[in-house]
$ cat start-v3.txt   # compact mmCIF, N, CA and C atoms and all ligand atoms
# COMPACT_ATOMS: atom_id res chain seq x y z
N MET A 1 103.67 33.47 139.02
CA MET A 1 103.05 32.19 138.63
C MET A 1 103.19 32.01 137.11
N ASN A 2 103.67 30.86 136.69
CA ASN A 2 103.90 30.66 135.27
C ASN A 2 102.70 30.09 134.53
N ASN A 3 101.86 29.40 135.23
CA ASN A 3 100.73 28.77 134.56
C ASN A 3 99.41 29.18 135.19
N ILE A 4 99.14 30.45 135.06
CA ILE A 4 97.87 30.96 135.57
C ILE A 4 96.74 30.34 134.75
N ARG A 5 95.78 29.80 135.47
CA ARG A 5 94.66 29.12 134.79
C ARG A 5 93.49 30.08 134.63
N TRP A 6 93.30 30.51 133.41
CA TRP A 6 92.26 31.49 133.11
C TRP A 6 90.92 30.82 132.83
N GLY A 7 89.88 31.52 133.24
CA GLY A 7 88.53 31.17 132.82
C GLY A 7 87.92 32.38 132.14
N ILE A 8 87.05 32.15 131.20
CA ILE A 8 86.34 33.24 130.52
C ILE A 8 84.85 33.10 130.80
N LEU A 9 84.27 34.20 131.28
CA LEU A 9 82.84 34.21 131.63
C LEU A 9 82.09 35.01 130.55
N GLY A 10 81.37 34.29 129.70
CA GLY A 10 80.66 34.92 128.59
C GLY A 10 81.46 34.79 127.32
N CYS A 11 80.85 34.21 126.28
CA CYS A 11 81.60 33.88 125.05
C CYS A 11 81.17 34.77 123.88
N GLY A 12 81.26 36.07 124.07
CA GLY A 12 80.90 37.02 123.02
C GLY A 12 82.13 37.54 122.28
N ARG A 13 81.98 38.74 121.68
CA ARG A 13 83.04 39.27 120.82
C ARG A 13 84.34 39.56 121.56
N ILE A 14 84.23 40.26 122.72
CA ILE A 14 85.47 40.64 123.40
C ILE A 14 86.16 39.40 123.99
N ALA A 15 85.37 38.38 124.30
CA ALA A 15 85.95 37.12 124.79
C ALA A 15 86.82 36.49 123.70
N HIS A 16 86.36 36.57 122.46
CA HIS A 16 87.17 36.05 121.34
C HIS A 16 88.50 36.80 121.24
N LYS A 17 88.41 38.12 121.35
CA LYS A 17 89.64 38.91 121.25
C LYS A 17 90.59 38.59 122.40
N PHE A 18 90.04 38.48 123.59
CA PHE A 18 90.87 38.18 124.76
C PHE A 18 91.54 36.81 124.61
N ALA A 19 90.76 35.82 124.22
CA ALA A 19 91.31 34.46 124.10
C ALA A 19 92.39 34.41 123.03
N ASN A 20 92.19 35.16 121.98
CA ASN A 20 93.22 35.21 120.92
C ASN A 20 94.51 35.84 121.45
N ASP A 21 94.37 36.92 122.19
CA ASP A 21 95.56 37.60 122.73
C ASP A 21 96.25 36.75 123.79
N LEU A 22 95.47 35.99 124.54
CA LEU A 22 96.04 35.15 125.60
C LEU A 22 97.06 34.16 125.04
N LYS A 23 96.83 33.73 123.81
CA LYS A 23 97.77 32.77 123.18
C LYS A 23 99.16 33.37 123.06
N HIS A 24 99.23 34.71 122.96
CA HIS A 24 100.52 35.37 122.75
C HIS A 24 101.12 35.90 124.05
N ALA A 25 100.34 35.88 125.12
CA ALA A 25 100.78 36.57 126.33
C ALA A 25 101.82 35.78 127.13
N GLY A 26 101.73 34.47 127.15
CA GLY A 26 102.64 33.68 127.98
C GLY A 26 102.23 33.73 129.44
N GLY A 27 102.69 32.73 130.19
CA GLY A 27 102.44 32.72 131.62
C GLY A 27 101.09 32.21 132.04
N GLY A 28 100.24 31.91 131.08
CA GLY A 28 98.92 31.45 131.46
C GLY A 28 98.32 30.54 130.40
N ILE A 29 97.32 29.79 130.82
CA ILE A 29 96.60 28.92 129.89
C ILE A 29 95.11 29.19 130.02
N LEU A 30 94.40 28.91 128.94
CA LEU A 30 92.95 28.99 128.99
C LEU A 30 92.44 27.66 129.53
N SER A 31 92.01 27.67 130.79
CA SER A 31 91.58 26.44 131.44
C SER A 31 90.10 26.16 131.22
N ALA A 32 89.28 27.22 131.22
CA ALA A 32 87.83 27.00 131.17
C ALA A 32 87.12 28.14 130.45
N VAL A 33 86.09 27.78 129.73
CA VAL A 33 85.22 28.79 129.11
C VAL A 33 83.79 28.51 129.57
N ALA A 34 83.02 29.58 129.73
CA ALA A 34 81.65 29.41 130.21
C ALA A 34 80.71 30.34 129.47
N SER A 35 79.60 29.76 129.08
CA SER A 35 78.53 30.50 128.44
C SER A 35 77.23 30.11 129.11
N ARG A 36 76.22 30.95 128.92
CA ARG A 36 74.88 30.56 129.41
C ARG A 36 74.36 29.38 128.59
N SER A 37 74.95 29.19 127.42
CA SER A 37 74.55 28.08 126.55
C SER A 37 75.76 27.18 126.32
N VAL A 38 75.62 25.91 126.65
CA VAL A 38 76.77 25.01 126.48
C VAL A 38 77.14 24.89 125.00
N ASP A 39 76.17 25.01 124.11
CA ASP A 39 76.48 24.97 122.67
C ASP A 39 77.38 26.13 122.28
N ASN A 40 77.09 27.30 122.83
CA ASN A 40 77.93 28.47 122.54
C ASN A 40 79.33 28.27 123.11
N ALA A 41 79.41 27.71 124.30
CA ALA A 41 80.72 27.45 124.91
C ALA A 41 81.50 26.44 124.06
N ARG A 42 80.81 25.43 123.55
CA ARG A 42 81.50 24.43 122.70
C ARG A 42 82.00 25.06 121.40
N GLU A 43 81.18 25.93 120.82
CA GLU A 43 81.61 26.62 119.59
C GLU A 43 82.86 27.46 119.86
N PHE A 44 82.83 28.16 120.99
CA PHE A 44 83.97 29.00 121.37
C PHE A 44 85.22 28.14 121.54
N ALA A 45 85.06 27.00 122.20
CA ALA A 45 86.20 26.12 122.49
C ALA A 45 86.75 25.44 121.24
N LYS A 46 85.97 25.41 120.17
CA LYS A 46 86.54 24.90 118.91
C LYS A 46 87.64 25.83 118.41
N LYS A 47 87.43 27.13 118.65
CA LYS A 47 88.44 28.11 118.22
C LYS A 47 89.53 28.28 119.26
N PHE A 48 89.12 28.19 120.53
CA PHE A 48 90.06 28.41 121.64
C PHE A 48 89.92 27.24 122.62
N PRO A 49 90.67 26.17 122.38
CA PRO A 49 90.51 24.97 123.20
C PRO A 49 90.77 25.23 124.68
N ALA A 50 89.92 24.63 125.49
CA ALA A 50 90.04 24.74 126.94
C ALA A 50 89.71 23.37 127.54
N LYS A 51 90.33 23.08 128.66
CA LYS A 51 90.08 21.79 129.32
C LYS A 51 88.63 21.66 129.76
N HIS A 52 88.07 22.78 130.23
CA HIS A 52 86.71 22.75 130.78
C HIS A 52 85.78 23.61 129.93
N ILE A 53 84.65 23.06 129.57
CA ILE A 53 83.64 23.79 128.79
C ILE A 53 82.35 23.78 129.61
N HIS A 54 81.97 24.97 130.09
CA HIS A 54 80.83 25.05 131.00
C HIS A 54 79.62 25.70 130.33
N GLY A 55 78.46 25.15 130.63
CA GLY A 55 77.21 25.72 130.15
C GLY A 55 76.54 26.61 131.18
N SER A 56 77.29 27.00 132.19
CA SER A 56 76.75 27.97 133.17
C SER A 56 77.93 28.70 133.83
N TYR A 57 77.66 29.92 134.25
CA TYR A 57 78.68 30.69 134.94
C TYR A 57 78.92 30.12 136.34
N ASP A 58 77.89 29.52 136.88
CA ASP A 58 77.99 28.90 138.20
C ASP A 58 79.07 27.81 138.21
N ASP A 59 79.05 26.98 137.17
CA ASP A 59 80.06 25.91 137.10
C ASP A 59 81.46 26.49 136.99
N LEU A 60 81.58 27.59 136.27
CA LEU A 60 82.90 28.21 136.11
C LEU A 60 83.46 28.68 137.45
N VAL A 61 82.66 29.42 138.20
CA VAL A 61 83.19 29.97 139.46
C VAL A 61 83.46 28.88 140.49
N ASN A 62 82.86 27.72 140.30
CA ASN A 62 83.10 26.60 141.22
C ASN A 62 84.18 25.63 140.72
N ASN A 63 84.80 25.97 139.62
CA ASN A 63 85.84 25.10 139.06
C ASN A 63 87.17 25.34 139.78
N PRO A 64 87.71 24.33 140.48
CA PRO A 64 88.96 24.54 141.22
C PRO A 64 90.18 24.72 140.31
N GLU A 65 90.03 24.42 139.04
CA GLU A 65 91.17 24.57 138.12
C GLU A 65 91.11 25.91 137.38
N VAL A 66 90.52 26.88 138.02
CA VAL A 66 90.47 28.25 137.49
C VAL A 66 91.00 29.19 138.56
N ASP A 67 92.03 29.98 138.21
CA ASP A 67 92.60 30.94 139.16
C ASP A 67 92.01 32.32 138.99
N ILE A 68 91.76 32.70 137.76
CA ILE A 68 91.33 34.07 137.47
C ILE A 68 90.32 34.04 136.34
N ILE A 69 89.35 34.91 136.43
CA ILE A 69 88.26 34.92 135.45
C ILE A 69 88.22 36.27 134.73
N TYR A 70 88.18 36.19 133.42
CA TYR A 70 87.98 37.37 132.59
C TYR A 70 86.48 37.54 132.40
N VAL A 71 85.97 38.66 132.90
CA VAL A 71 84.53 38.93 132.81
C VAL A 71 84.26 39.58 131.46
N ALA A 72 83.55 38.86 130.60
CA ALA A 72 83.39 39.30 129.20
C ALA A 72 81.92 39.57 128.86
N THR A 73 81.17 39.97 129.88
CA THR A 73 79.75 40.26 129.66
C THR A 73 79.55 41.77 129.45
N PRO A 74 78.37 42.19 129.03
CA PRO A 74 78.11 43.64 128.87
C PRO A 74 78.35 44.40 130.18
N HIS A 75 78.77 45.66 130.05
CA HIS A 75 79.26 46.35 131.25
C HIS A 75 78.18 46.56 132.31
N GLY A 76 76.93 46.52 131.94
CA GLY A 76 75.86 46.61 132.94
C GLY A 76 75.84 45.42 133.88
N LEU A 77 76.53 44.37 133.49
CA LEU A 77 76.58 43.15 134.32
C LEU A 77 77.92 42.98 135.03
N HIS A 78 78.85 43.90 134.78
CA HIS A 78 80.20 43.72 135.34
C HIS A 78 80.21 43.67 136.87
N ARG A 79 79.40 44.54 137.48
CA ARG A 79 79.39 44.54 138.95
C ARG A 79 78.96 43.17 139.48
N ASP A 80 77.83 42.70 139.01
CA ASP A 80 77.30 41.44 139.54
C ASP A 80 78.22 40.26 139.22
N HIS A 81 78.72 40.21 138.00
CA HIS A 81 79.55 39.07 137.63
C HIS A 81 80.92 39.11 138.31
N SER A 82 81.48 40.29 138.48
CA SER A 82 82.78 40.40 139.17
C SER A 82 82.63 39.97 140.63
N ILE A 83 81.59 40.46 141.28
CA ILE A 83 81.39 40.11 142.68
C ILE A 83 81.07 38.61 142.82
N PHE A 84 80.32 38.09 141.88
CA PHE A 84 80.02 36.65 141.86
C PHE A 84 81.32 35.83 141.84
N CYS A 85 82.25 36.22 140.99
CA CYS A 85 83.55 35.52 140.91
C CYS A 85 84.34 35.71 142.21
N LEU A 86 84.42 36.95 142.68
CA LEU A 86 85.20 37.23 143.88
C LEU A 86 84.68 36.46 145.08
N GLU A 87 83.36 36.36 145.17
CA GLU A 87 82.77 35.64 146.31
C GLU A 87 83.09 34.14 146.26
N HIS A 88 83.49 33.68 145.09
CA HIS A 88 83.93 32.28 144.97
C HIS A 88 85.46 32.19 144.97
N LYS A 89 86.10 33.25 145.47
CA LYS A 89 87.55 33.28 145.68
C LYS A 89 88.34 33.23 144.38
N LYS A 90 87.76 33.74 143.32
CA LYS A 90 88.49 33.84 142.06
C LYS A 90 89.00 35.27 141.89
N ALA A 91 90.22 35.38 141.39
CA ALA A 91 90.69 36.69 140.95
C ALA A 91 89.89 37.07 139.71
N VAL A 92 89.85 38.38 139.43
CA VAL A 92 89.00 38.88 138.34
C VAL A 92 89.78 39.87 137.48
N LEU A 93 89.61 39.75 136.18
CA LEU A 93 90.02 40.81 135.26
C LEU A 93 88.76 41.33 134.61
N CYS A 94 88.47 42.60 134.86
CA CYS A 94 87.27 43.24 134.30
C CYS A 94 87.72 44.55 133.67
N GLU A 95 87.44 44.71 132.38
CA GLU A 95 87.92 45.88 131.66
C GLU A 95 86.83 46.95 131.57
N LYS A 96 87.16 48.00 130.85
CA LYS A 96 86.22 49.10 130.64
C LYS A 96 85.04 48.64 129.77
N ALA A 97 83.96 49.22 129.77
CA ALA A 97 83.61 50.07 130.90
C ALA A 97 83.52 49.21 132.16
N PHE A 98 84.19 49.66 133.21
CA PHE A 98 84.33 48.82 134.40
C PHE A 98 82.99 48.53 135.07
N ALA A 99 82.17 49.58 135.21
CA ALA A 99 80.86 49.41 135.85
C ALA A 99 79.98 50.58 135.41
N LEU A 100 78.77 50.63 135.95
CA LEU A 100 77.83 51.68 135.52
C LEU A 100 78.05 52.99 136.25
N ASN A 101 78.53 52.93 137.49
CA ASN A 101 78.69 54.15 138.29
C ASN A 101 79.69 53.91 139.42
N SER A 102 80.03 54.98 140.12
CA SER A 102 81.07 54.89 141.16
C SER A 102 80.61 54.02 142.33
N ARG A 103 79.32 53.99 142.60
CA ARG A 103 78.85 53.14 143.69
C ARG A 103 79.14 51.67 143.39
N GLN A 104 78.88 51.27 142.18
CA GLN A 104 79.18 49.88 141.79
C GLN A 104 80.67 49.61 141.87
N VAL A 105 81.47 50.57 141.43
CA VAL A 105 82.93 50.39 141.48
C VAL A 105 83.38 50.20 142.92
N SER A 106 82.83 51.01 143.83
CA SER A 106 83.21 50.88 145.24
C SER A 106 82.84 49.50 145.77
N GLU A 107 81.68 49.01 145.37
CA GLU A 107 81.25 47.68 145.83
C GLU A 107 82.19 46.59 145.32
N MET A 108 82.61 46.72 144.08
CA MET A 108 83.52 45.72 143.49
C MET A 108 84.87 45.75 144.19
N ILE A 109 85.39 46.95 144.43
CA ILE A 109 86.70 47.06 145.08
C ILE A 109 86.63 46.56 146.51
N GLU A 110 85.57 46.92 147.19
CA GLU A 110 85.41 46.48 148.59
C GLU A 110 85.36 44.95 148.66
N CYS A 111 84.63 44.34 147.74
CA CYS A 111 84.53 42.88 147.73
C CYS A 111 85.90 42.26 147.44
N ALA A 112 86.63 42.82 146.51
CA ALA A 112 87.95 42.29 146.17
C ALA A 112 88.89 42.36 147.38
N ARG A 113 88.80 43.48 148.11
CA ARG A 113 89.67 43.61 149.30
C ARG A 113 89.31 42.61 150.36
N1 LIG B 201 88.36 46.69 126.49
C1 LIG B 201 87.80 47.06 125.33
O1 LIG B 201 88.38 47.74 124.53
C2 LIG B 201 86.42 46.59 125.04
C3 LIG B 201 85.95 46.57 123.73
C4 LIG B 201 84.70 46.09 123.51
C5 LIG B 201 83.94 45.65 124.58
N2 LIG B 201 84.42 45.71 125.83
C6 LIG B 201 83.64 45.27 126.98
O2 LIG B 201 83.13 44.01 126.72
C7 LIG B 201 81.73 44.04 126.97
C8 LIG B 201 81.05 43.02 126.08
O3 LIG B 201 81.16 43.43 124.71
P1 LIG B 201 81.02 42.39 123.54
O4 LIG B 201 81.21 43.18 122.30
O5 LIG B 201 81.89 41.22 123.78
O6 LIG B 201 79.47 41.96 123.68
P2 LIG B 201 78.80 40.61 123.19
O7 LIG B 201 79.42 40.12 121.95
O8 LIG B 201 77.32 40.86 123.21
O9 LIG B 201 79.19 39.55 124.32
C9 LIG B 201 78.73 39.67 125.63
C10 LIG B 201 78.50 38.27 126.19
O10 LIG B 201 78.00 38.40 127.51
C11 LIG B 201 77.21 37.28 127.82
N3 LIG B 201 75.98 37.73 128.49
C12 LIG B 201 75.59 37.35 129.74
N4 LIG B 201 74.44 37.91 130.07
C13 LIG B 201 74.06 38.64 129.01
C14 LIG B 201 72.91 39.44 128.75
N5 LIG B 201 71.94 39.62 129.66
N6 LIG B 201 72.82 40.07 127.56
C15 LIG B 201 73.79 39.92 126.64
N7 LIG B 201 74.91 39.18 126.83
C16 LIG B 201 75.03 38.55 128.01
C17 LIG B 201 76.93 36.54 126.53
O11 LIG B 201 77.73 35.39 126.56
P3 LIG B 201 77.13 33.91 126.69
O12 LIG B 201 75.81 33.93 125.98
O13 LIG B 201 78.16 33.11 126.02
O14 LIG B 201 76.97 33.62 128.13
C18 LIG B 201 77.43 37.47 125.44
O15 LIG B 201 77.95 36.80 124.35
C19 LIG B 201 81.31 45.49 126.75
O16 LIG B 201 80.14 45.85 127.44
C20 LIG B 201 82.52 46.22 127.30
O17 LIG B 201 82.38 46.36 128.67
C21 LIG B 201 85.65 46.17 126.09
$ encode --input "start-v3.txt" --output "structure tokens" --more "lines below"
Ligand SMILES: NC(=O)c1ccc[n+]([C@@H]2O[C@H](COP(=O)([O-])OP(=O)(O)OC[C@H]3O[C@@H](n4cnc5c(N)ncnc54)[C@H](OP(=O)(O)O)[C@@H]3O)[C@@H](O)[C@H]2O)c1
Amino acid sequence: MNNIRWGILGCGRIAHKFANDLKHAGGGILSAVASRSVDNAREFAKKFPAKHIHGSYDDLVNNPEVDIIYVATPHGLHRDHSIFCLEHKKAVLCEKAFALNSRQVSEMIECAR
């Protein structure tokens, strides 16, 4: 796929780094950004323009113009946020620390399958 439509869930530090790197990666576009605060999402989108600016994670996972979501929240939330995305049929990129323990990892993998 040449134009993978990325969404970012959580607009903190690692989200900034990811969005910056995405500009150089090719093959994808930043379609949507989501924060718990729409003001924070708007600030983020000033630096990294996106078609959709969401003030909730719920809106992001329900956005049909998002293929894959980068989970950029603290790792204690990775399990819940990854499964939340997967249950809405979104692909997920979740980096280290992947989860808190192996049980959570198993739950995430099982849901993805
Ligand atoms: N791959 C790597 O090398 C690397 C390096 C650093 C960090 N990380 C990963 O990225 C994670 C986040 O690190 P960060 O430095 O980006 O942290 P951060 O700046 O605090 O950003 C985390 C974001 O998560 C969202 N969030 C949702 N619920 C939250 C809650 N209950 N408490 C705090 N934030 C919440 C917030 O975004 P909104 O308010 O916009 O919703 C917040 O800005 C780390 O835990 C780690 O897993 C990976």
$ closest_atom_pairs --input "start-v3.txt" --of "range 64-95 of chain A" --to "range 106-113 of chain A" --cutoff "8 Å" --atoms "only C-alpha atoms" --output "CSV"
residue,atom,partner,partner_atom,distance
A:Arg79,CA,A:Met108,CA,6.2
A:Ser82,CA,A:Met108,CA,6.9
A:Ile83,CA,A:Met108,CA,6.1
A:Leu86,CA,A:Ala112,CA,6.2
A:Glu87,CA,A:Cys111,CA,7.6
$ closest_residue --input "start-v3.txt" --among "A:Ile8, A:Ala97, A:Val33, A:Ala19" --to "ligand LIG 201 (chain B)" --atoms "all atoms listed in the file"
A:Ala97
$ residues_near_point --input "start-v3.txt" --point "(89.0, 41.6, 127.0)" --cutoff "8 Å" --atoms "all atoms listed in the file" --output "PyMOL selection string"
chain A and resi 13-19+70-72+93-96
$ select_by_dssp --input "start-v3.txt" --residues "range 8-94 of chain A" --states "strand (DSSP E or B)" --output "PyMOL selection string"
chain A and resi 8-9+28-34+52-54+68-71+91-93
$ axis_aligned_box --input "start-v3.txt" --around "ligand LIG 201 (chain B)" --padding-each-side "3 Å" --output "AutoDock Vina command-line options"
--center_x 80.2 --center_y 40.4 --center_z 126.0 --size_x 22.4 --size_y 20.6 --size_z 14.1
$ select_by_dssp --input "start-v3.txt" --residues "range 29-107 of chain A" --states "alpha helix (DSSP H)" --output "PDB file with N, CA and C atoms, in the frame of the given file"
ATOM      1  N   VAL A  38      75.620  25.910 126.650  1.00  0.00           N
ATOM      2  CA  VAL A  38      76.770  25.010 126.480  1.00  0.00           C
ATOM      3  C   VAL A  38      77.140  24.890 125.000  1.00  0.00           C
ATOM      4  N   ASP A  39      76.170  25.010 124.110  1.00  0.00           N
ATOM      5  CA  ASP A  39      76.480  24.970 122.670  1.00  0.00           C
ATOM      6  C   ASP A  39      77.380  26.130 122.280  1.00  0.00           C
ATOM      7  N   ASN A  40      77.090  27.300 122.830  1.00  0.00           N
ATOM      8  CA  ASN A  40      77.930  28.470 122.540  1.00  0.00           C
ATOM      9  C   ASN A  40      79.330  28.270 123.110  1.00  0.00           C
ATOM     10  N   ALA A  41      79.410  27.710 124.300  1.00  0.00           N
ATOM     11  CA  ALA A  41      80.720  27.450 124.910  1.00  0.00           C
ATOM     12  C   ALA A  41      81.500  26.440 124.060  1.00  0.00           C
ATOM     13  N   ARG A  42      80.810  25.430 123.550  1.00  0.00           N
ATOM     14  CA  ARG A  42      81.500  24.430 122.700  1.00  0.00           C
ATOM     15  C   ARG A  42      82.000  25.060 121.400  1.00  0.00           C
ATOM     16  N   GLU A  43      81.180  25.930 120.820  1.00  0.00           N
ATOM     17  CA  GLU A  43      81.610  26.620 119.590  1.00  0.00           C
ATOM     18  C   GLU A  43      82.860  27.460 119.860  1.00  0.00           C
ATOM     19  N   PHE A  44      82.830  28.160 120.990  1.00  0.00           N
ATOM     20  CA  PHE A  44      83.970  29.000 121.370  1.00  0.00           C
ATOM     21  C   PHE A  44      85.220  28.140 121.540  1.00  0.00           C
ATOM     22  N   ALA A  45      85.060  27.000 122.200  1.00  0.00           N
ATOM     23  CA  ALA A  45      86.200  26.120 122.490  1.00  0.00           C
ATOM     24  C   ALA A  45      86.750  25.440 121.240  1.00  0.00           C
ATOM     25  N   LYS A  46      85.970  25.410 120.170  1.00  0.00           N
ATOM     26  CA  LYS A  46      86.540  24.900 118.910  1.00  0.00           C
ATOM     27  C   LYS A  46      87.640  25.830 118.410  1.00  0.00           C
ATOM     28  N   LYS A  47      87.430  27.130 118.650  1.00  0.00           N
ATOM     29  CA  LYS A  47      88.440  28.110 118.220  1.00  0.00           C
ATOM     30  C   LYS A  47      89.530  28.280 119.260  1.00  0.00           C
ATOM     31  N   TYR A  57      77.660  29.920 134.250  1.00  0.00           N
ATOM     32  CA  TYR A  57      78.680  30.690 134.940  1.00  0.00           C
ATOM     33  C   TYR A  57      78.920  30.120 136.340  1.00  0.00           C
ATOM     34  N   ASP A  58      77.890  29.520 136.880  1.00  0.00           N
ATOM     35  CA  ASP A  58      77.990  28.900 138.200  1.00  0.00           C
ATOM     36  C   ASP A  58      79.070  27.810 138.210  1.00  0.00           C
ATOM     37  N   ASP A  59      79.050  26.980 137.170  1.00  0.00           N
ATOM     38  CA  ASP A  59      80.060  25.910 137.100  1.00  0.00           C
ATOM     39  C   ASP A  59      81.460  26.490 136.990  1.00  0.00           C
ATOM     40  N   LEU A  60      81.580  27.590 136.270  1.00  0.00           N
ATOM     41  CA  LEU A  60      82.900  28.210 136.110  1.00  0.00           C
ATOM     42  C   LEU A  60      83.460  28.680 137.450  1.00  0.00           C
ATOM     43  N   VAL A  61      82.660  29.420 138.200  1.00  0.00           N
ATOM     44  CA  VAL A  61      83.190  29.970 139.460  1.00  0.00           C
ATOM     45  C   VAL A  61      83.460  28.880 140.490  1.00  0.00           C
ATOM     46  N   HIS A  78      78.850  43.900 134.780  1.00  0.00           N
ATOM     47  CA  HIS A  78      80.200  43.720 135.340  1.00  0.00           C
ATOM     48  C   HIS A  78      80.210  43.670 136.870  1.00  0.00           C
ATOM     49  N   ARG A  79      79.400  44.540 137.480  1.00  0.00           N
ATOM     50  CA  ARG A  79      79.390  44.540 138.950  1.00  0.00           C
ATOM     51  C   ARG A  79      78.960  43.170 139.480  1.00  0.00           C
ATOM     52  N   ASP A  80      77.830  42.700 139.010  1.00  0.00           N
ATOM     53  CA  ASP A  80      77.300  41.440 139.540  1.00  0.00           C
ATOM     54  C   ASP A  80      78.220  40.260 139.220  1.00  0.00           C
ATOM     55  N   HIS A  81      78.720  40.210 138.000  1.00  0.00           N
ATOM     56  CA  HIS A  81      79.550  39.070 137.630  1.00  0.00           C
ATOM     57  C   HIS A  81      80.920  39.110 138.310  1.00  0.00           C
ATOM     58  N   SER A  82      81.480  40.290 138.480  1.00  0.00           N
ATOM     59  CA  SER A  82      82.780  40.400 139.170  1.00  0.00           C
ATOM     60  C   SER A  82      82.630  39.970 140.630  1.00  0.00           C
ATOM     61  N   ILE A  83      81.590  40.460 141.280  1.00  0.00           N
ATOM     62  CA  ILE A  83      81.390  40.110 142.680  1.00  0.00           C
ATOM     63  C   ILE A  83      81.070  38.610 142.820  1.00  0.00           C
ATOM     64  N   PHE A  84      80.320  38.090 141.880  1.00  0.00           N
ATOM     65  CA  PHE A  84      80.020  36.650 141.860  1.00  0.00           C
ATOM     66  C   PHE A  84      81.320  35.830 141.840  1.00  0.00           C
ATOM     67  N   CYS A  85      82.250  36.220 140.990  1.00  0.00           N
ATOM     68  CA  CYS A  85      83.550  35.520 140.910  1.00  0.00           C
ATOM     69  C   CYS A  85      84.340  35.710 142.210  1.00  0.00           C
ATOM     70  N   LEU A  86      84.420  36.950 142.680  1.00  0.00           N
ATOM     71  CA  LEU A  86      85.200  37.230 143.880  1.00  0.00           C
ATOM     72  C   LEU A  86      84.680  36.460 145.080  1.00  0.00           C
ATOM     73  N   GLU A  87      83.360  36.360 145.170  1.00  0.00           N
ATOM     74  CA  GLU A  87      82.770  35.640 146.310  1.00  0.00           C
ATOM     75  C   GLU A  87      83.090  34.140 146.260  1.00  0.00           C
ATOM     76  N   SER A 102      80.030  54.980 140.120  1.00  0.00           N
ATOM     77  CA  SER A 102      81.070  54.890 141.160  1.00  0.00           C
ATOM     78  C   SER A 102      80.610  54.020 142.330  1.00  0.00           C
ATOM     79  N   ARG A 103      79.320  53.990 142.600  1.00  0.00           N
ATOM     80  CA  ARG A 103      78.850  53.140 143.690  1.00  0.00           C
ATOM     81  C   ARG A 103      79.140  51.670 143.390  1.00  0.00           C
ATOM     82  N   GLN A 104      78.880  51.270 142.180  1.00  0.00           N
ATOM     83  CA  GLN A 104      79.180  49.880 141.790  1.00  0.00           C
ATOM     84  C   GLN A 104      80.670  49.610 141.870  1.00  0.00           C
ATOM     85  N   VAL A 105      81.470  50.570 141.430  1.00  0.00           N
ATOM     86  CA  VAL A 105      82.930  50.390 141.480  1.00  0.00           C
ATOM     87  C   VAL A 105      83.380  50.200 142.920  1.00  0.00           C
ATOM     88  N   SER A 106      82.830  51.010 143.830  1.00  0.00           N
ATOM     89  CA  SER A 106      83.210  50.880 145.240  1.00  0.00           C
ATOM     90  C   SER A 106      82.840  49.500 145.770  1.00  0.00           C
ATOM     91  N   GLU A 107      81.680  49.010 145.370  1.00  0.00           N
ATOM     92  CA  GLU A 107      81.250  47.680 145.830  1.00  0.00           C
ATOM     93  C   GLU A 107      82.190  46.590 145.320  1.00  0.00           C
TER      94      GLU A 107
END
$ atom_distance --input "start-v3.txt" --atom1 "atom N of Pro74 in chain A" --atom2 "atom C of Gly26 in chain A"
25.3 Å
$ atom_distance --input "start-v3.txt" --atom1 "atom O6 of ligand LIG 201 (chain B)" --atom2 "CA of Gly12 in chain A"
5.2 Å
$ closest_residue --input "start-v3.txt" --among "A:Glu43, A:Ile29, A:His54, A:Ala91" --to "Ile68 in chain A" --atoms "only N, CA and C atoms"
A:Ala91
$ atom_distance --input "start-v3.txt" --atom1 "atom O12 of ligand LIG 201 (chain B)" --atom2 "CA of Ala41 in chain A"
8.2 Å
$ closest_residue --input "start-v3.txt" --among "A:Ala45, A:Ile4, A:Ile69, A:Leu100" --to "Cys85 in chain A" --atoms "only C-alpha atoms"
A:Ile69
$ closest_residue --input "start-v3.txt" --among "A:Cys11, A:Lys51, A:His75, A:Asp21" --to "Arg36 in chain A" --atoms "only N, CA and C atoms"
A:Cys11
$ closest_residue --input "start-v3.txt" --among "A:Lys46, A:Lys89, A:Leu9, A:Asp67" --to "ligand LIG 201 (chain B)" --atoms "only N, CA and C atoms and all ligand atoms"
A:Leu9
